[in-house]
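Shown next: target-v1.cif, containing mmCIF, C-alpha atoms and all ligand atoms.
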data_my_file
loop_
_atom_site.label_atom_id
_atom_site.label_comp_id
_atom_site.auth_asym_id
_atom_site.auth_seq_id
_atom_site.Cartn_x
_atom_site.Cartn_y
_atom_site.Cartn_z
CA MET A 51 -24.10 -5.70 12.94
CA VAL A 52 -20.89 -4.66 11.20
CA SER A 53 -17.55 -5.72 12.61
CA LEU A 54 -13.90 -5.63 11.68
CA LYS A 55 -12.39 -9.10 11.59
CA TYR A 56 -8.96 -9.85 13.05
CA TYR A 57 -6.60 -12.66 12.02
CA LYS A 58 -3.29 -13.86 13.37
CA SER A 59 -0.62 -13.57 10.68
CA ASP A 60 -0.39 -17.36 10.38
CA SER A 61 -4.12 -17.73 9.67
CA PRO A 62 -5.08 -19.37 6.36
CA LEU A 63 -4.71 -16.70 3.70
CA GLN A 64 -7.81 -17.95 1.95
CA ASP A 65 -9.87 -16.99 5.02
CA ILE A 66 -8.38 -13.49 5.07
CA HIS A 67 -8.94 -13.13 1.33
CA GLN A 68 -12.58 -14.12 1.71
CA THR A 69 -13.11 -11.52 4.43
CA ILE A 70 -11.50 -8.83 2.29
CA GLN A 71 -13.87 -9.77 -0.53
CA GLU A 72 -16.90 -9.65 1.79
CA ASP A 73 -16.05 -6.74 4.07
CA GLY A 74 -13.50 -4.78 2.03
CA CYS A 75 -11.10 -4.96 4.99
CA ALA A 76 -9.47 -7.17 7.62
CA VAL A 77 -6.72 -6.84 10.22
CA MET A 78 -3.69 -9.14 10.35
CA THR A 79 -1.99 -9.06 13.75
CA ASP A 80 1.56 -10.04 14.77
CA VAL A 81 3.06 -9.24 11.38
CA LEU A 82 6.00 -7.27 12.82
CA GLY A 83 7.94 -7.78 16.04
CA ASN A 84 9.51 -5.05 18.15
CA GLU A 85 12.90 -5.39 16.48
CA ALA A 86 11.51 -4.72 13.00
CA LEU A 87 9.34 -1.88 14.31
CA ASP A 88 12.30 -0.23 16.04
CA SER A 89 14.53 -0.60 12.97
CA PHE A 90 11.93 0.95 10.70
CA THR A 91 11.23 3.78 13.14
CA ASN A 92 14.95 4.58 13.37
CA GLU A 93 15.41 4.50 9.58
CA LEU A 94 12.37 6.72 9.09
CA GLU A 95 13.16 9.26 11.81
CA PRO A 96 15.39 11.70 9.88
CA TYR A 97 12.86 11.92 7.05
CA LEU A 98 9.76 12.06 9.23
CA SER A 99 11.19 14.68 11.55
CA ALA A 100 11.85 16.91 8.53
CA ALA A 101 8.45 16.31 6.93
CA PRO A 102 6.04 19.25 6.89
CA LYS A 103 2.49 19.10 8.22
CA GLY A 104 -0.40 18.85 5.76
CA ARG A 105 -1.91 21.93 4.15
CA ASP A 106 -5.65 21.20 4.06
CA ASP A 107 -8.43 19.22 5.71
CA PHE A 108 -7.63 16.07 3.75
CA THR A 109 -3.90 15.97 4.45
CA GLY A 110 -4.38 17.30 7.99
CA THR A 111 -2.69 20.38 9.41
CA LYS A 112 -1.42 18.35 12.39
CA THR A 113 -0.36 15.36 10.29
CA GLN A 114 3.07 14.65 8.77
CA ARG A 115 3.53 12.48 5.70
CA THR A 116 6.58 11.36 3.81
CA GLY A 117 7.30 8.83 1.07
CA ALA A 118 10.06 7.49 -1.21
CA LEU A 119 10.44 4.81 1.45
CA ILE A 120 11.84 2.16 -0.88
CA ALA A 121 14.82 4.41 -1.55
CA ARG A 122 15.09 5.64 2.02
CA THR A 123 14.40 2.71 4.33
CA PRO A 124 15.64 -0.86 3.81
CA MET A 125 13.00 -2.15 6.25
CA CYS A 126 10.19 -0.85 4.06
CA ARG A 127 11.58 -2.96 1.19
CA GLU A 128 11.03 -6.02 3.34
CA PHE A 129 7.53 -4.94 4.27
CA VAL A 130 6.59 -4.39 0.60
CA MET A 131 7.87 -7.89 -0.20
CA ASP A 132 6.08 -9.67 2.69
CA ARG A 133 5.06 -12.97 1.09
CA ARG A 134 1.72 -13.24 2.90
CA ILE A 135 0.61 -9.76 1.96
CA LEU A 136 1.92 -9.99 -1.60
CA ALA A 137 0.03 -13.26 -2.05
CA LEU A 138 -3.17 -11.59 -0.83
CA ALA A 139 -2.55 -8.61 -3.11
CA HIS A 140 -2.02 -10.87 -6.12
CA GLU A 141 -5.10 -12.89 -5.25
CA PHE A 142 -7.25 -9.78 -4.95
CA LEU A 143 -5.94 -7.90 -7.98
CA GLY A 144 -5.22 -10.96 -10.15
CA PRO A 145 -8.60 -11.00 -11.91
CA HIS A 146 -7.98 -7.51 -13.25
CA ALA A 147 -4.36 -7.51 -14.43
CA GLU A 148 -1.45 -9.76 -15.37
CA LYS A 149 0.81 -7.99 -12.88
CA LEU A 150 0.55 -5.64 -9.95
CA THR A 151 2.78 -2.74 -9.08
CA LEU A 152 3.67 -0.66 -6.04
CA ASN A 153 1.34 2.33 -5.90
CA LEU A 154 2.81 4.24 -2.97
CA THR A 155 4.71 4.10 0.28
CA GLN A 156 3.82 6.75 2.84
CA ALA A 157 4.51 7.17 6.54
CA VAL A 158 1.75 9.10 8.32
CA ALA A 159 2.15 10.61 11.78
CA ILE A 160 -1.11 11.97 13.18
CA HIS A 161 -0.31 14.35 16.01
CA PRO A 162 -2.42 15.22 19.07
CA GLY A 163 -5.23 17.60 18.25
CA GLU A 164 -5.70 16.39 14.68
CA GLY A 165 -9.37 15.95 13.77
CA THR A 166 -11.00 13.23 11.70
CA GLN A 167 -10.15 12.98 8.03
CA MET A 168 -13.11 12.86 5.65
CA LEU A 169 -14.20 9.36 4.68
CA HIS A 170 -13.10 8.51 1.17
CA ARG A 171 -12.31 5.71 -1.24
CA ASP A 172 -8.64 5.60 -2.26
CA ARG A 173 -9.53 4.64 -5.84
CA GLU A 174 -10.91 8.17 -6.27
CA ALA A 175 -7.29 9.09 -7.10
CA TRP A 176 -8.07 7.74 -10.58
CA GLY A 177 -11.39 9.56 -10.80
CA THR A 178 -14.46 7.61 -11.79
CA ASN A 179 -13.02 6.28 -15.02
CA ILE A 180 -12.45 2.74 -13.81
CA PRO A 181 -15.63 0.59 -13.86
CA ARG A 182 -16.91 -0.53 -10.47
CA SER A 183 -16.45 -4.16 -11.58
CA VAL A 184 -12.68 -3.59 -11.60
CA GLU A 185 -10.84 -3.45 -8.26
CA PRO A 186 -7.81 -1.29 -8.98
CA GLN A 187 -6.04 -1.25 -5.64
CA PHE A 188 -5.03 -3.34 -2.61
CA ASN A 189 -3.99 -1.36 0.46
CA THR A 190 -2.09 -2.01 3.65
CA LEU A 191 -1.76 0.21 6.71
CA TRP A 192 0.95 -0.90 9.11
CA ALA A 193 0.58 0.07 12.76
CA ILE A 194 4.02 1.28 13.79
CA THR A 195 2.59 2.49 17.09
CA ASP A 196 -0.53 1.08 18.72
CA PHE A 197 -3.70 2.26 16.98
CA THR A 198 -6.33 3.08 19.61
CA GLY A 199 -9.72 4.70 19.67
CA GLU A 200 -8.12 7.63 21.47
CA ASN A 201 -5.05 8.23 19.29
CA GLY A 202 -6.67 8.27 15.87
CA ALA A 203 -7.03 4.67 14.73
CA THR A 204 -8.26 4.70 11.14
CA ARG A 205 -12.02 4.88 10.70
CA ILE A 206 -13.43 2.32 8.28
CA VAL A 207 -16.85 1.19 7.05
CA PRO A 208 -16.81 -2.59 6.46
CA GLY A 209 -18.98 -3.61 3.52
CA SER A 210 -19.09 -0.14 1.99
CA GLN A 211 -17.11 -1.31 -1.02
CA LYS A 212 -20.41 -2.76 -2.28
CA TRP A 213 -22.48 0.39 -1.70
CA ALA A 214 -23.71 2.96 -4.17
CA TRP A 215 -21.03 5.59 -4.61
CA ASP A 216 -22.94 8.35 -2.82
CA ARG A 217 -24.37 6.36 0.12
CA GLU A 218 -23.52 7.87 3.50
CA PRO A 219 -22.71 5.54 6.41
CA ALA A 220 -24.73 5.67 9.62
CA HIS A 221 -22.74 6.55 12.74
CA GLU A 222 -22.74 2.96 14.01
CA GLN A 223 -21.39 1.67 10.68
CA ILE A 224 -18.14 3.61 11.08
CA LEU A 225 -15.65 1.52 13.06
CA GLN A 226 -12.13 2.24 14.15
CA ALA A 227 -9.28 -0.11 13.21
CA GLU A 228 -7.88 -0.41 16.70
CA MET A 229 -4.89 -2.72 16.59
CA PRO A 230 -1.64 -3.31 18.48
CA LYS A 231 1.60 -2.12 16.88
CA GLY A 232 2.96 -4.64 14.40
CA SER A 233 -0.54 -5.27 12.97
CA VAL A 234 -1.60 -4.46 9.42
CA LEU A 235 -5.00 -3.24 8.25
CA LEU A 236 -5.73 -4.69 4.81
CA TYR A 237 -8.36 -2.77 2.81
CA THR A 238 -9.49 -2.34 -0.73
CA GLY A 239 -9.36 0.79 -2.83
CA THR A 240 -13.14 0.92 -2.77
CA VAL A 241 -13.98 0.66 0.94
CA LEU A 242 -14.78 3.92 2.80
CA HIS A 243 -12.20 4.95 5.39
CA GLY A 244 -10.37 7.97 6.82
CA GLY A 245 -7.90 8.97 9.52
CA GLY A 246 -9.21 9.18 13.08
CA GLU A 247 -9.11 12.06 15.56
CA ASN A 248 -6.08 12.00 17.84
CA LYS A 249 -7.38 12.85 21.31
CA SER A 250 -4.27 11.48 23.03
CA SER A 251 -1.06 13.25 23.95
CA ILE A 252 1.28 11.31 21.61
CA PRO A 253 1.51 10.91 17.81
CA ARG A 254 0.04 7.88 16.08
CA LEU A 255 2.44 6.53 13.44
CA GLY A 256 1.35 4.36 10.52
CA LEU A 257 2.90 3.20 7.27
CA ILE A 258 0.75 2.97 4.16
CA ILE A 259 1.89 0.59 1.41
CA THR A 260 -0.50 0.17 -1.49
CA TYR A 261 -0.44 -1.88 -4.68
CA CYS A 262 -2.37 -1.29 -7.88
CA LEU A 263 -2.92 -2.93 -11.25
CA ALA A 264 0.27 -2.68 -13.28
CA TRP A 265 -1.48 -1.09 -16.26
CA MET A 266 -2.46 1.93 -14.13
CA ARG A 267 -0.45 4.99 -13.31
CA GLN A 268 1.06 4.82 -9.82
CA GLN A 269 0.12 7.60 -7.39
CA GLU A 270 3.68 7.94 -6.13
CA ASN A 271 5.90 8.23 -9.17
CA GLN A 272 8.29 5.42 -8.40
CA TYR A 273 10.74 6.28 -11.21
CA LEU A 274 11.34 9.63 -9.48
CA SER A 275 11.02 8.40 -5.87
CA CYS A 276 13.35 5.47 -6.57
CA PRO A 277 15.34 6.30 -9.72
CA PRO A 278 17.44 3.73 -11.62
CA HIS A 279 20.72 4.53 -9.84
CA ILE A 280 19.10 3.41 -6.56
CA ALA A 281 16.77 0.75 -7.97
CA LYS A 282 19.61 -1.12 -9.72
CA ASP A 283 20.85 -2.52 -6.39
CA LEU A 284 17.46 -3.77 -5.18
CA ASP A 285 15.93 -7.24 -5.31
CA GLU A 286 14.73 -8.00 -8.85
CA GLU A 287 11.16 -8.68 -7.75
CA LEU A 288 11.11 -5.36 -5.93
CA GLN A 289 12.46 -3.63 -9.04
CA GLU A 290 9.52 -5.04 -10.96
CA LEU A 291 7.05 -3.92 -8.29
CA LEU A 292 8.47 -0.41 -8.64
CA GLY A 293 7.60 -0.59 -12.33
CA TYR A 294 10.94 -1.51 -13.88
CA THR A 295 9.29 -4.11 -16.09
CA GLN A 296 6.64 -4.07 -18.78
CA ALA A 297 3.11 -4.41 -17.38
CA THR A 298 2.09 -6.26 -20.53
CA TYR A 299 3.86 -6.69 -23.86
CA GLY A 300 4.74 -3.19 -25.06
CA LEU A 301 3.40 -1.35 -22.00
CA GLY A 302 6.21 0.52 -20.29
CA TYR A 303 9.07 0.32 -22.83
CA TYR A 304 11.56 3.12 -23.24
CA SER A 305 14.11 4.39 -25.71
CA ASP A 306 17.60 5.39 -24.64
CA PRO A 307 17.90 9.09 -25.54
CA GLU A 308 21.66 8.67 -25.94
CA ALA A 309 21.57 5.48 -28.00
CA LEU A 310 23.76 5.33 -31.06
CA PRO A 311 22.20 4.80 -34.49
CA GLY A 312 21.44 1.12 -35.11
CA GLU A 313 21.21 0.12 -31.45
CA PHE A 314 18.20 -1.97 -30.52
CA ASP A 315 15.11 0.09 -29.81
CA PRO A 316 12.63 0.08 -28.05
CA LEU A 317 14.01 -1.25 -24.78
CA VAL A 318 12.49 -3.12 -21.84
CA PRO A 319 12.79 -1.22 -18.52
CA GLU A 320 15.02 -3.83 -16.91
CA LEU A 321 17.84 -2.74 -19.24
CA ALA A 322 17.93 0.63 -17.46
CA LEU A 323 19.01 -1.32 -14.37
CA GLY A 324 21.68 -3.28 -16.22
CA ARG A 325 19.86 -6.56 -16.74
CA GLY A 326 17.33 -8.29 -18.94
CA PRO A 327 13.82 -9.44 -17.99
CA ARG A 328 13.65 -12.45 -15.70
CA LYS A 329 11.34 -15.35 -16.19
CA ARG A 330 8.63 -15.16 -13.60
CA GLU A 331 5.69 -17.19 -12.47
CA ARG A 332 2.36 -15.76 -11.49
CA PHE A 333 2.27 -15.52 -7.69
CA ASN A 334 -0.84 -16.15 -5.62
CA ILE A 335 -2.12 -17.77 -2.43
CA ASP A 336 -1.96 -21.31 -3.82
CA GLN A 337 1.65 -20.89 -4.90
CA LEU A 338 2.60 -19.52 -1.49
CA ALA A 339 1.03 -22.59 0.14
CA LYS A 340 3.21 -24.82 -2.06
CA VAL A 341 6.50 -23.20 -1.10
CA THR A 342 5.90 -22.79 2.64
FE FE A 401 -7.10 6.80 2.22
#
Can the structure from this file be put into structure tokens for me?
Amino acid sequence: MVSLKYYKSDSPLQDIHQTIQEDGCAVMTDVLGNEALDSFTNELEPYLSAAPKGRDDFTGTKTQRTGALIARTPMCREFVMDRRILALAHEFLGPHAEKLTLNLTQAVAIHPGEGTQMLHRDREAWGTNIPRSVEPQFNTLWAITDFTGENGATRIVPGSQKWAWDREPAHEQILQAEMPKGSVLLYTGTVLHGGGENKSSIPRLGLIITYCLAWMRQQENQYLSCPPHIAKDLDEELQELLGYTQATYGLGYYSDPEALPGEFDPLVPELALGRGPRKRERFNIDQLAKVT
């Protein structure tokens, strides 16, 4: 019998990590309070209200999406930097890369009358070039409104991250991630999932924040969504998550197109923000336990 496991946000992270490894997903409740939810909703409103509906079955013709949320909403910066979720992301992706990076930020409002989105694996964005033994992506879906069976709570198939690529789930294996607002669905890039049908009379609002291995190309181009003139004022760790650091030695350098002859070249990305690289420690669940 498949089930979706729920954890309070102060649960041992090792337990949540283990469930993500086994089921490909887990829900963390009580991550955000009403104040944070209201602040984010207010910051998002001018951008979401102007966002167009989708243009096909996948993006949903009654669904609005908008991104660039690091540049646009200070609250999203805090969400991306949540220590518990970052520790889980590092723990999950750590075996496959030295560093992780922010893959995308996307608010999704599913309006009444929207049908179900096709089940998919988010890693398909990179095609089938990445071996199955490599987990490229760690995903989070933040419930900004309640997620209910009626209003389009995300459909998910626990355990499907271990299935053959073309295996179809039985009806009873497809669950819905019902969760109160302020909860976060954690799921891997390999587990099957899709948006639910909104049979209610009000929109269902979620925020997707995903991380990927730093040697991969990010789905949302963060250098365009959060260019240097905005990124230079952000927290240094957040700058690095955006990609303003080398993923490994020599991966992600640049050359200043206006540099004078004889100036040092190539350059590390941090210099585009007016600083040098900072010394950093690898960050994981054990380290978080030591500092809290
Ligand atoms: Fe997805």
Original post:
Hey, which residues come within 12 Å of ligand FE 401 (chain A) if we count only C-alpha atoms and all ligand atoms? Could you give them as JSON, numbers by chain?
Top reply: {"A": [108, 109, 154, 156, 158, 167, 168, 169, 170, 171, 172, 173, 174, 175, 187, 188, 189, 190, 191, 204, 205, 206, 235, 236, 237, 238, 239, 240, 241, 242, 243, 244, 245, 246, 257, 258, 259, 260]}
Subject >> Length of the atom CA of A:Ala281 to atom CA of A:Asn84 vector [Å] >> reply: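 Those two atoms sit 27.7 Å apart.
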**OP:** Name all residues at most 10 Å from A:Glu148 (count all atoms listed in the file; drop same-chain ones fewer than 5 positions away) and give them as a list in words.
**Re:**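 Listing them by chain and then by number gives His140, Leu143, Leu263, Ala264, Trp265, Ala297, Thr298 and Arg332 of chain A.
If you measure from each of A:Glu128, A:Glu85, A:Glu320, A:Glu222 to A:Ser53 using all atoms listed in the file, the closest one turns out to be A:Glu222.
Take atom CA of A:Lys112 and atom CA of A:His161: the distance between them is 5.5 Å.
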Subject >> Best match for closeness to A:Pro208 among A:Gln272, A:Thr166, A:Gln226, A:Asn92, counting all atoms listed in the file >> reply: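 For A:Pro208, the nearest of the given residues is A:Gln226.
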**OP:** Show me as number ranges by chain the residues that reach within 12 Å of (7.8, 0.6, 2.0), counting all atoms listed in the file and using the file's own coordinates.
**Re:** A: 90, 93-94, 116-132, 152-157, 190-192, 256-261, 270, 272, 275-276, 288, 291-292
Subject >> Distance criterion (only C-alpha atoms): nearest to A:Arg328 out of A:Tyr294, A:Trp213, A:His67, A:Gly232 >> reply: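 Looking only at the distances to A:Arg328, the closest residue turns out to be A:Tyr294.
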**OP:** Measuring atom to atom with only C-alpha atoms, identify which of A:Ala220, A:Ala203, A:Val77, A:Ala147 is nearest to A:Leu255.
**Re:** A:Ala203
Original post:
Which neighbours of A:Lys329 fall inside 12 Å, counting all atoms listed in the file, when residues of the same chain fewer than 6 positions from it are skipped, and could you give them as a PyMOL selection string?
Top reply: chain A and resi 286-287+290+295
Original post:
Quick one: distance from atom CA of A:Glu308 to atom CA of A:Thr151 in Å, one decimal?
Top reply: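 Atom CA of A:Thr151 lies at a distance of 27.8 Å from atom CA of A:Glu308.
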